[in-house]
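Presented below is the structure to which this report refers.
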Amino acid sequence: MKVLILGSGAVGTEIGDILRKQKEIDEVVMADLHIEIANKAVKKMESPKKVTSTAMNANNVEDMKKGMKGVDFAINATLPRFFLKIMKACLESGTNYMDMATDLGVAREQKAGQKIDTVPIDMQLEQDQKWKDAGLSALLCWGAEPGAVNVFTRYAADQMDSVEKILVRDGDDSYIEGYDGFVSYWSPDTLIEECADMDALIWTAGHFERVPSLSKSEMWEFPDPVGRIKVWMVDHEESSTLGRFIKGCKECNFGLALSDEVADMMRMMKKMGFVSPIPINVKGVKVVPRDVVTALMPSPTDPHLMSKIRGSGCASVTVIGKKGEKRYSHFIYNIMSHEECWEKYKTNATAVQTATPPAIATVLFARGAISRKGVYPPEMLEPEPIMKAFSEMGFPWHEVKKEIK
Amino acid sequence: MKIVIVGAGGGVGSVMADWLSRQKDFDQIVLAGRKKDTLKKALDNMKGKERGKIAIVDANNIADMKKCFKGADMVVNSTLPRYFLKIMKASLGAGANYIDMATDLAVINDTPFQKVKRVPLDLQLDQDKQWKKEDLAAMLCWGVDPGAVNVFTRYIADGMNKVDEIKIRDGDKSIIEGFDGFYSPWSPDTLIEEVAYMNSLIWTDGHWERRPPLTVSEEWEFPKPVGKMKVWLVDHEETQSLPRFIGKGCKEMSFMIHLDDEWIEVTRALKKVGLVDCKPVNARGVKVVPRDVITACMLSPVDPKMQSKTKGNISVGAAVIGYKGDKKYMHYIWNTMSHQQCWRSYKATATPTQVAIPTAIAVTLYAQGKIKERGVFPPEALDPKPIMRAFTKYGFKWEQMKKRIE
């Protein structure tokens, strides 16, 4: 199988690096708007047999269609705003598709307190029939969160008769030695969008609502060594699919660990207008304020910083529901240490956590173990074989299931 | 007498133009600047509008300015500090006297906690001889702080035989009705520069040092109606000139200003992200100075919607601790202005008004031949008594308090 990876950032590079080692994958093409970034990704891989690089503009459907000739499977590791164009190029060139997020920002006008009928991922999901007709698959939201946690959720839900709550929680206790600035372990643009710019989508009482950005937090008990830390409700993909697709679920929301300092900082920047994606006039030049902030932030691929992260990241979900008369809380998680990831993969745990599940799903697709056509999120698939593949292929998971009142 | 105000479209420049146009000493007041629309607004706001005239000039272009300054008796520099040296050069070249209200703090930024030998103001003071040779005056750092407070300090120090400490304190206790965003009552660029960007200059143990931004604060009892507020050490001009021009053994001097807690947090956050920097970055293909984006995101200090709704008072003053004979005193002189009253009189808040009026008074005294000094000098180099009298005469009220310290 020939795989094209669009976007050679931290996650794209890591996916490429995992895939090139798999016997099911014949060829990996690293693509980026800037060829030097794609080249850098290839250079980072040891003995990069099977891997080539190319320049590709994710904003240009025709350009991408040309580059997709002969490609079986395209993995979208770009920024969410390019998703629909990439899907279009795939569908028109007969290429299967996978991504790790959706374009949350299209719902920017949806504010807390308004009634919500549609969510951003619907723009992708409603193409289901077209993809089925073309005999193609579009695998949506396959990272760790969203992604692996969706599979975890389905796995836990399958053991219950009814599900009440799905609580996706992302914990990270890390710091960077000798660095005190504002940093994101994933796309700074996405961090700012989901935490500060967007009011957070939640599934509550069986329908969608939004809560004001950075207004709701709670303490959450993560497994050691992360421990008990504060998580903030932020806008995330899981809330837009899991609640409606998992039987009878009434509540689903996503909590992300952020220090009070970073939360304050983002709130402040929002108040000043710095998180906005709308261009403003700066001394006669049109500038997107958020682009200035992200231009000032270090890259999540910066080796000087990434090699000095101390701590671990935990991607988790807690599913609460009933089996017979008994009520359970089923907690499933993956935990990775930033130091170990740096040693093994020369990148941070967040990138490894996000890159491993889609790489595994790609291999399962190549093997024919994932064969469903159409457009769908991870929880639509039978979870057992995927959970097994996670364990075997470098994405270990653990679970704690207990009866609760 | 003919005056050119460079930057006349800004908050301070437009109040100054209006104020000067009410005096009989000036035949022509040229409102110079980059943007015609703001200059037009300033012109329309002048009581003696018939003596006003607009000139488009770029404060970055010396030749352009020289042409504009020809025939002027005095150039009032009401632009951003980064243009100061160019404007001085053009004034000297055109044979015009010069006055400003600040200095370019950002030209030197030393490491904190080390002895500082040279300060930005020296770049201007060094030109003293040249200006004397041309028989011209360059009057530096007028305004209120720096400016009026320098005169206050000299006035107090003249009554003491030994000075221990000079404290310049600036407290604005105000609210803007119905507004919850961020608003700077003076140039946001200058605010960020002096509060967040520069290590703050302090005079301690008889020499200069710097402290990291926003690390030194204290509670200060401002005269009523302002009252007790927290003040922060920030980088400011007074510290560069007062200790050495006052002398008398002055060992300590600090400039502290009240900043509300939220502003402090915002500023810290902006600094952490790097948004206070003035080095251009590439934002997806667009070259942009981060600090310019802050300014663009913020409302203009001259926004009438904000100015008209600002309520409260500002107190700016100098407290000097020293000896008269064997007795130790604290002598405190201040000016308080009400935002609402200033709005009614000048269509501006107290912030630009407080800066514009002492400067305009100094320009008037110069026009009347009451300031005769030549060369380059700060306000405290002049005999303070006639200036303090002029302050009172022209409605820039000052009050004082003197108490024994055991």
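Lettering and numbering for the structure tokens are positional, with chains as A, B, ... in the shown order, residues counted from 1 in each chain, and ligands counted from 1 in the shown order.
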Give me, as a PyMOL selection string, the residues of chain B touching chain A, with the criterion being at most 12 Å (counting only C-alpha atoms). chain B and resi 35+179-183+262-299
Same residues, C-alpha atoms, output as a compact mmCIF listing (two decimals), in the first residue's frame:
```
# COMPACT_ATOMS: atom_id res chain seq x y z
CA LYS B 35 -2.36 61.55 9.25
CA PHE B 179 -16.19 48.96 29.41
CA ASP B 180 -14.39 45.79 30.36
CA GLY B 181 -11.61 45.56 27.77
CA PHE B 182 -8.09 46.91 27.87
CA TYR B 183 -7.53 50.57 27.30
CA GLU B 262 -5.40 43.02 35.62
CA TRP B 263 -3.09 45.18 33.54
CA ILE B 264 -0.12 43.71 35.34
CA GLU B 265 -1.29 40.20 34.47
CA VAL B 266 -1.99 41.13 30.88
CA THR B 267 1.38 42.75 30.49
CA ARG B 268 3.16 39.77 32.01
CA ALA B 269 1.26 37.43 29.67
CA LEU B 270 2.04 39.54 26.61
CA LYS B 271 5.66 39.66 27.60
CA LYS B 272 5.81 35.92 28.12
CA VAL B 273 4.42 35.28 24.67
CA GLY B 274 6.81 37.83 23.19
CA LEU B 275 4.13 40.21 21.98
CA VAL B 276 5.81 43.23 23.55
CA ASP B 277 8.83 42.87 21.28
CA CYS B 278 9.56 45.32 18.52
CA LYS B 279 11.53 42.94 16.28
CA PRO B 280 9.40 41.98 13.25
CA VAL B 281 8.26 38.35 12.95
CA ASN B 282 6.98 36.42 9.97
CA ALA B 283 3.29 35.67 10.57
CA ARG B 284 2.44 33.28 7.73
CA GLY B 285 4.24 35.38 5.18
CA VAL B 286 3.41 38.79 6.63
CA LYS B 287 6.21 40.76 8.31
CA VAL B 288 4.82 42.37 11.40
CA VAL B 289 6.10 43.93 14.63
CA PRO B 290 4.33 42.09 17.49
CA ARG B 291 3.96 45.26 19.54
CA ASP B 292 2.16 46.95 16.65
CA VAL B 293 -0.44 44.20 16.82
CA ILE B 294 -1.12 45.01 20.48
CA THR B 295 -1.57 48.64 19.57
CA ALA B 296 -3.86 47.67 16.69
CA CYS B 297 -5.97 45.45 18.97
CA MET B 298 -6.37 48.21 21.54
CA LEU B 299 -8.58 51.25 21.34
```
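Taking only C-alpha atoms, the non-local environment of region 46-62 of chain B within 8 Å (same-chain residues fewer than 5 positions away omitted) comprises Val6, Ser14, Ala17, Asp18, Trp19, Ser21, Arg22, Asp27, Gln28, Ile29, Val30, Leu31, Ala32, Gly33, Arg34, Lys35, Lys36, Leu39, Lys40, Cys68, Thr79, Tyr83, Lys86, Ile87, Lys89 and Ala90 of chain B.
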Check the smallest atom-to-atom distance from each of B:Leu259, B:Ala318, B:Leu43, B:Ile246 to Asp172 (chain B) using only C-alpha atoms, then report the winner.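 Once distances to Asp172 (chain B) are computed over only C-alpha atoms, the minimum belongs to B:Leu259.
Here CA of Glu403 (chain A) is placed at a distance of 21.4 Å from CA of Asn334 (chain A).
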When you look at Ser300 (chain B) with a cut-off of 9 Å (counting only C-alpha atoms), what residues show up, excluding the ones that are within fewer than 5 positions of it in the same chain? I need them as number ranges by chain. B: 183-188, 295, 306
Output for the residues just chosen: C-alpha atoms as a compact mmCIF listing (two decimals), in the first residue's frame:
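again01.txt, freshly written:
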```txt
# COMPACT_ATOMS: atom_id res chain seq x y z
CA TYR B 183 -7.53 50.57 27.30
CA SER B 184 -4.42 52.61 27.75
CA PRO B 185 -5.01 56.29 28.49
CA TRP B 186 -1.71 57.14 26.84
CA SER B 187 0.25 55.66 23.93
CA PRO B 188 -0.10 51.85 24.27
CA THR B 295 -1.57 48.64 19.57
CA MET B 306 -13.59 55.97 26.05
```
Surrounding residues of Asp302 (chain A) excluding itself and chain neighbours under 4 positions, 12 Å, only C-alpha atoms, as a PyMOL selection string: chain A and resi 9-10+183-186+297-298+306-309+342+346-348
Store the residues picked out above, limited to N, CA and C atoms, as a tab-separated table (two decimals), in the first residue's frame.
```tsv
chain	number	residue	atom	x	y	z
A	9	GLY	N	4.70	17.95	9.98
A	9	GLY	CA	5.00	18.47	11.32
A	9	GLY	C	5.36	17.33	12.26
A	10	ALA	N	5.22	17.59	13.56
A	10	ALA	CA	5.63	16.59	14.56
A	10	ALA	C	4.87	15.28	14.37
A	183	VAL	N	4.31	27.56	25.39
A	183	VAL	CA	4.67	26.51	24.44
A	183	VAL	C	3.49	25.56	24.29
A	184	SER	N	3.37	24.93	23.14
A	184	SER	CA	2.37	23.89	22.95
A	184	SER	C	3.07	22.67	22.42
A	185	TYR	N	2.64	21.48	22.88
A	185	TYR	CA	3.25	20.24	22.40
A	185	TYR	C	2.63	19.81	21.08
A	186	TRP	N	1.50	20.45	20.71
A	186	TRP	CA	0.94	20.20	19.39
A	186	TRP	C	0.78	21.54	18.71
A	297	MET	N	5.60	31.61	19.12
A	297	MET	CA	5.73	30.41	19.95
A	297	MET	C	6.73	29.44	19.33
A	298	PRO	N	7.42	28.68	20.18
A	298	PRO	CA	8.35	27.70	19.62
A	298	PRO	C	7.57	26.59	18.90
A	306	MET	N	11.95	20.05	23.04
A	306	MET	CA	11.30	18.74	23.16
A	306	MET	C	12.19	17.74	23.91
A	307	SER	N	13.51	17.92	23.81
A	307	SER	CA	14.41	16.99	24.50
A	307	SER	C	14.46	17.28	25.99
A	308	LYS	N	13.90	18.43	26.41
A	308	LYS	CA	13.98	18.79	27.83
A	308	LYS	C	12.65	18.69	28.56
A	309	ILE	N	11.66	18.08	27.90
A	309	ILE	CA	10.37	17.94	28.59
A	309	ILE	C	10.51	16.84	29.63
A	342	TRP	N	11.27	10.85	23.78
A	342	TRP	CA	12.39	11.56	23.17
A	342	TRP	C	13.53	10.59	22.87
A	346	LYS	N	12.73	10.66	19.28
A	346	LYS	CA	13.16	12.04	19.10
A	346	LYS	C	11.99	12.98	18.88
A	347	THR	N	10.95	12.76	19.65
A	347	THR	CA	9.81	13.70	19.65
A	347	THR	C	9.10	13.59	20.99
A	348	ASN	N	8.11	14.47	21.22
A	348	ASN	CA	7.47	14.45	22.54
A	348	ASN	C	6.36	13.40	22.60
```
Could you check how far CA of Asp64 (chain B) sits from CA of Ala8 (chain B), in Å to one decimal? 16.4 Å
Could you check how far CA of His236 (chain A) sits from CA of Ala89 (chain A), in Å to one decimal?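 The value is 25.2 Å.
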Picked from region 139-332 of chain A by DSSP as alpha helix (DSSP H), as a ChimeraX atom specification: /A:148-157,188-192,238-245,260-272,289-296,303-306
Compare B:Thr103, B:Ser338, B:Thr310, B:Ser78 by their minimum atom-to-atom distance to Thr239 (chain B), counting only C-alpha atoms, and give me the closest one. B:Thr103
So which residues touch Phe331 (chain A) within 6 Å, counting only C-alpha atoms, skipping near sequence neighbours fewer than 6 positions away, as a VMD selection string? chain A and resid 317 to 318 399 to 400
Any chance you could export the current selection's N, CA and C atoms as an mmCIF file, in the first residue's frame?
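Just written: again14.cif:
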```cif
data_model
loop_
_atom_site.group_PDB
_atom_site.id
_atom_site.type_symbol
_atom_site.label_atom_id
_atom_site.label_comp_id
_atom_site.auth_asym_id
_atom_site.auth_seq_id
_atom_site.Cartn_x
_atom_site.Cartn_y
_atom_site.Cartn_z
ATOM 1 N N VAL A 317 -10.218 7.911 29.030
ATOM 2 C CA VAL A 317 -11.662 8.107 29.048
ATOM 3 C C VAL A 317 -12.241 7.319 30.214
ATOM 4 N N THR A 318 -13.252 7.907 30.820
ATOM 5 C CA THR A 318 -14.000 7.207 31.853
ATOM 6 C C THR A 318 -15.428 7.071 31.346
ATOM 7 N N GLU A 399 -6.647 -0.536 32.018
ATOM 8 C CA GLU A 399 -8.034 -0.228 32.395
ATOM 9 C C GLU A 399 -8.276 -0.496 33.863
ATOM 10 N N VAL A 400 -9.187 0.276 34.417
ATOM 11 C CA VAL A 400 -9.641 0.063 35.793
ATOM 12 C C VAL A 400 -11.156 0.105 35.740
#
```
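The protein and nucleic acid residues lying at most 10 Å from Trp397 (chain A) are Ala148, Phe152, Ala315, Ser316, Ile332, Tyr333, Asn334, Ile335, Met387, Lys388, Phe390, Ser391, Gly394, Phe395 and Glu399 of chain A, with only C-alpha atoms considered and sequence neighbours fewer than 2 positions away removed.
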Considering only C-alpha atoms, return as a list in words whatever protein or nucleic-acid residues lie within 6 Å of region 14-26 of chain A, sequence-local ones (same chain, fewer than 5 positions apart) excluded.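 Non-adjacent residues within range: Met1, Lys2, Ala355 and Ala359 of chain A.
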Kindly export the residues of the current selection with N, CA and C atoms, as a compact mmCIF listing (two decimals), in the first residue's frame.
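Ended up saving to part.txt:
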```txt
# COMPACT_ATOMS: atom_id res chain seq x y z
N MET A 1 0.84 -1.19 0.00
CA MET A 1 0.00 0.00 0.00
C MET A 1 0.89 1.26 0.00
N LYS A 2 0.48 2.22 -0.82
CA LYS A 2 1.23 3.48 -0.87
C LYS A 2 0.48 4.54 -0.07
N ALA A 355 0.37 10.08 16.96
CA ALA A 355 0.78 9.44 15.71
C ALA A 355 0.59 7.93 15.71
N ALA A 359 -1.29 5.37 12.76
CA ALA A 359 -0.37 4.47 12.06
C ALA A 359 -0.88 3.03 12.18
```
From a DSSP pass on the backbone, collect the residues of region 126-243 of chain A flagged as strand (DSSP E) and hand them back as a PDB file with N, CA and C atoms, in the first residue's frame.
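New file result-v5.pdb:
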```
ATOM      1  N   SER A 137     -13.041   4.751   1.865  1.00  0.00           N
ATOM      2  CA  SER A 137     -13.206   4.982   3.296  1.00  0.00           C
ATOM      3  C   SER A 137     -12.590   6.321   3.679  1.00  0.00           C
ATOM      4  N   ALA A 138     -13.284   7.053   4.550  1.00  0.00           N
ATOM      5  CA  ALA A 138     -12.720   8.249   5.172  1.00  0.00           C
ATOM      6  C   ALA A 138     -12.773   8.018   6.671  1.00  0.00           C
ATOM      7  N   LEU A 139     -11.624   7.743   7.250  1.00  0.00           N
ATOM      8  CA  LEU A 139     -11.541   7.438   8.681  1.00  0.00           C
ATOM      9  C   LEU A 139     -11.272   8.737   9.433  1.00  0.00           C
ATOM     10  N   SER A 162     -26.307   0.152  29.118  1.00  0.00           N
ATOM     11  CA  SER A 162     -26.585   1.565  28.835  1.00  0.00           C
ATOM     12  C   SER A 162     -25.449   2.420  29.377  1.00  0.00           C
ATOM     13  N   VAL A 163     -25.214   3.513  28.673  1.00  0.00           N
ATOM     14  CA  VAL A 163     -24.115   4.416  29.046  1.00  0.00           C
ATOM     15  C   VAL A 163     -24.689   5.759  29.492  1.00  0.00           C
ATOM     16  N   GLU A 164     -24.173   6.268  30.625  1.00  0.00           N
ATOM     17  CA  GLU A 164     -24.646   7.575  31.104  1.00  0.00           C
ATOM     18  C   GLU A 164     -23.706   8.685  30.691  1.00  0.00           C
ATOM     19  N   LYS A 165     -22.427   8.449  30.965  1.00  0.00           N
ATOM     20  CA  LYS A 165     -21.461   9.547  30.810  1.00  0.00           C
ATOM     21  C   LYS A 165     -20.194   9.075  30.148  1.00  0.00           C
ATOM     22  N   ILE A 166     -19.649   9.923  29.288  1.00  0.00           N
ATOM     23  CA  ILE A 166     -18.339   9.666  28.697  1.00  0.00           C
ATOM     24  C   ILE A 166     -17.468  10.887  28.993  1.00  0.00           C
ATOM     25  N   LEU A 167     -16.446  10.681  29.803  1.00  0.00           N
ATOM     26  CA  LEU A 167     -15.611  11.805  30.213  1.00  0.00           C
ATOM     27  C   LEU A 167     -14.195  11.584  29.675  1.00  0.00           C
ATOM     28  N   VAL A 168     -13.878  12.307  28.619  1.00  0.00           N
ATOM     29  CA  VAL A 168     -12.548  12.185  28.022  1.00  0.00           C
ATOM     30  C   VAL A 168     -11.639  13.170  28.749  1.00  0.00           C
ATOM     31  N   ARG A 169     -10.496  12.702  29.222  1.00  0.00           N
ATOM     32  CA  ARG A 169      -9.617  13.565  30.013  1.00  0.00           C
ATOM     33  C   ARG A 169      -8.173  13.410  29.551  1.00  0.00           C
ATOM     34  N   ASP A 170      -7.552  14.551  29.296  1.00  0.00           N
ATOM     35  CA  ASP A 170      -6.170  14.586  28.828  1.00  0.00           C
ATOM     36  C   ASP A 170      -5.322  15.213  29.918  1.00  0.00           C
ATOM     37  N   GLY A 171      -4.419  14.414  30.493  1.00  0.00           N
ATOM     38  CA  GLY A 171      -3.596  14.921  31.592  1.00  0.00           C
ATOM     39  C   GLY A 171      -2.136  14.971  31.199  1.00  0.00           C
ATOM     40  N   ASP A 172      -1.443  15.971  31.681  1.00  0.00           N
ATOM     41  CA  ASP A 172      -0.019  16.080  31.398  1.00  0.00           C
ATOM     42  C   ASP A 172       0.611  16.824  32.560  1.00  0.00           C
ATOM     43  N   TYR A 175       6.910  19.655  32.470  1.00  0.00           N
ATOM     44  CA  TYR A 175       7.475  21.012  32.362  1.00  0.00           C
ATOM     45  C   TYR A 175       8.702  20.892  31.478  1.00  0.00           C
ATOM     46  N   ILE A 176       9.193  22.016  31.005  1.00  0.00           N
ATOM     47  CA  ILE A 176      10.398  21.976  30.174  1.00  0.00           C
ATOM     48  C   ILE A 176      11.556  22.569  30.963  1.00  0.00           C
ATOM     49  N   ALA A 200     -16.582  25.919  24.368  1.00  0.00           N
ATOM     50  CA  ALA A 200     -16.396  24.464  24.357  1.00  0.00           C
ATOM     51  C   ALA A 200     -17.702  23.716  24.135  1.00  0.00           C
ATOM     52  N   LEU A 201     -17.694  22.818  23.147  1.00  0.00           N
ATOM     53  CA  LEU A 201     -18.875  21.988  22.872  1.00  0.00           C
ATOM     54  C   LEU A 201     -18.980  20.884  23.926  1.00  0.00           C
ATOM     55  N   ILE A 202     -20.180  20.693  24.452  1.00  0.00           N
ATOM     56  CA  ILE A 202     -20.411  19.540  25.332  1.00  0.00           C
ATOM     57  C   ILE A 202     -21.705  18.862  24.900  1.00  0.00           C
ATOM     58  N   TRP A 203     -21.828  17.585  25.243  1.00  0.00           N
ATOM     59  CA  TRP A 203     -23.064  16.831  25.029  1.00  0.00           C
ATOM     60  C   TRP A 203     -23.672  16.690  26.403  1.00  0.00           C
ATOM     61  N   THR A 204     -24.842  17.296  26.595  1.00  0.00           N
ATOM     62  CA  THR A 204     -25.428  17.260  27.932  1.00  0.00           C
ATOM     63  C   THR A 204     -26.936  17.067  27.825  1.00  0.00           C
ATOM     64  N   HIS A 207     -28.193  16.431  24.325  1.00  0.00           N
ATOM     65  CA  HIS A 207     -28.092  17.363  23.202  1.00  0.00           C
ATOM     66  C   HIS A 207     -26.814  18.193  23.321  1.00  0.00           C
ATOM     67  N   PHE A 208     -26.495  18.918  22.220  1.00  0.00           N
ATOM     68  CA  PHE A 208     -25.277  19.734  22.231  1.00  0.00           C
ATOM     69  C   PHE A 208     -25.525  21.082  22.895  1.00  0.00           C
ATOM     70  N   GLU A 209     -24.490  21.543  23.607  1.00  0.00           N
ATOM     71  CA  GLU A 209     -24.489  22.912  24.134  1.00  0.00           C
ATOM     72  C   GLU A 209     -23.060  23.405  24.084  1.00  0.00           C
ATOM     73  N   ARG A 210     -22.879  24.695  24.256  1.00  0.00           N
ATOM     74  CA  ARG A 210     -21.511  25.208  24.420  1.00  0.00           C
ATOM     75  C   ARG A 210     -21.395  25.941  25.745  1.00  0.00           C
ATOM     76  N   VAL A 211     -20.209  25.837  26.338  1.00  0.00           N
ATOM     77  CA  VAL A 211     -19.938  26.599  27.569  1.00  0.00           C
ATOM     78  C   VAL A 211     -18.818  27.586  27.232  1.00  0.00           C
ATOM     79  N   SER A 217     -13.762  24.125  35.097  1.00  0.00           N
ATOM     80  CA  SER A 217     -12.623  23.243  35.361  1.00  0.00           C
ATOM     81  C   SER A 217     -12.970  22.310  36.509  1.00  0.00           C
ATOM     82  N   GLU A 218     -12.197  21.253  36.631  1.00  0.00           N
ATOM     83  CA  GLU A 218     -12.355  20.363  37.776  1.00  0.00           C
ATOM     84  C   GLU A 218     -11.020  19.654  38.030  1.00  0.00           C
ATOM     85  N   MET A 219     -10.874  19.136  39.236  1.00  0.00           N
ATOM     86  CA  MET A 219      -9.673  18.364  39.527  1.00  0.00           C
ATOM     87  C   MET A 219      -9.933  16.944  39.043  1.00  0.00           C
ATOM     88  N   TRP A 220      -8.922  16.317  38.444  1.00  0.00           N
ATOM     89  CA  TRP A 220      -9.109  14.968  37.913  1.00  0.00           C
ATOM     90  C   TRP A 220      -7.963  14.085  38.362  1.00  0.00           C
ATOM     91  N   GLU A 221      -8.312  12.875  38.746  1.00  0.00           N
ATOM     92  CA  GLU A 221      -7.315  11.928  39.253  1.00  0.00           C
ATOM     93  C   GLU A 221      -6.789  11.086  38.090  1.00  0.00           C
ATOM     94  N   ARG A 228      -3.137  13.892  40.421  1.00  0.00           N
ATOM     95  CA  ARG A 228      -4.327  14.742  40.440  1.00  0.00           C
ATOM     96  C   ARG A 228      -3.986  16.127  39.916  1.00  0.00           C
ATOM     97  N   ILE A 229      -4.622  16.522  38.828  1.00  0.00           N
ATOM     98  CA  ILE A 229      -4.404  17.866  38.293  1.00  0.00           C
ATOM     99  C   ILE A 229      -5.703  18.469  37.767  1.00  0.00           C
ATOM    100  N   LYS A 230      -5.641  19.763  37.497  1.00  0.00           N
ATOM    101  CA  LYS A 230      -6.837  20.478  37.054  1.00  0.00           C
ATOM    102  C   LYS A 230      -7.017  20.314  35.545  1.00  0.00           C
ATOM    103  N   VAL A 231      -8.243  19.998  35.130  1.00  0.00           N
ATOM    104  CA  VAL A 231      -8.542  19.951  33.691  1.00  0.00           C
ATOM    105  C   VAL A 231      -9.622  20.996  33.370  1.00  0.00           C
ATOM    106  N   TRP A 232      -9.506  21.560  32.184  1.00  0.00           N
ATOM    107  CA  TRP A 232     -10.438  22.599  31.736  1.00  0.00           C
ATOM    108  C   TRP A 232     -11.264  22.066  30.582  1.00  0.00           C
ATOM    109  N   MET A 233     -12.533  22.405  30.593  1.00  0.00           N
ATOM    110  CA  MET A 233     -13.388  21.994  29.486  1.00  0.00           C
ATOM    111  C   MET A 233     -13.022  22.820  28.261  1.00  0.00           C
TER     112      MET A 233
END
```
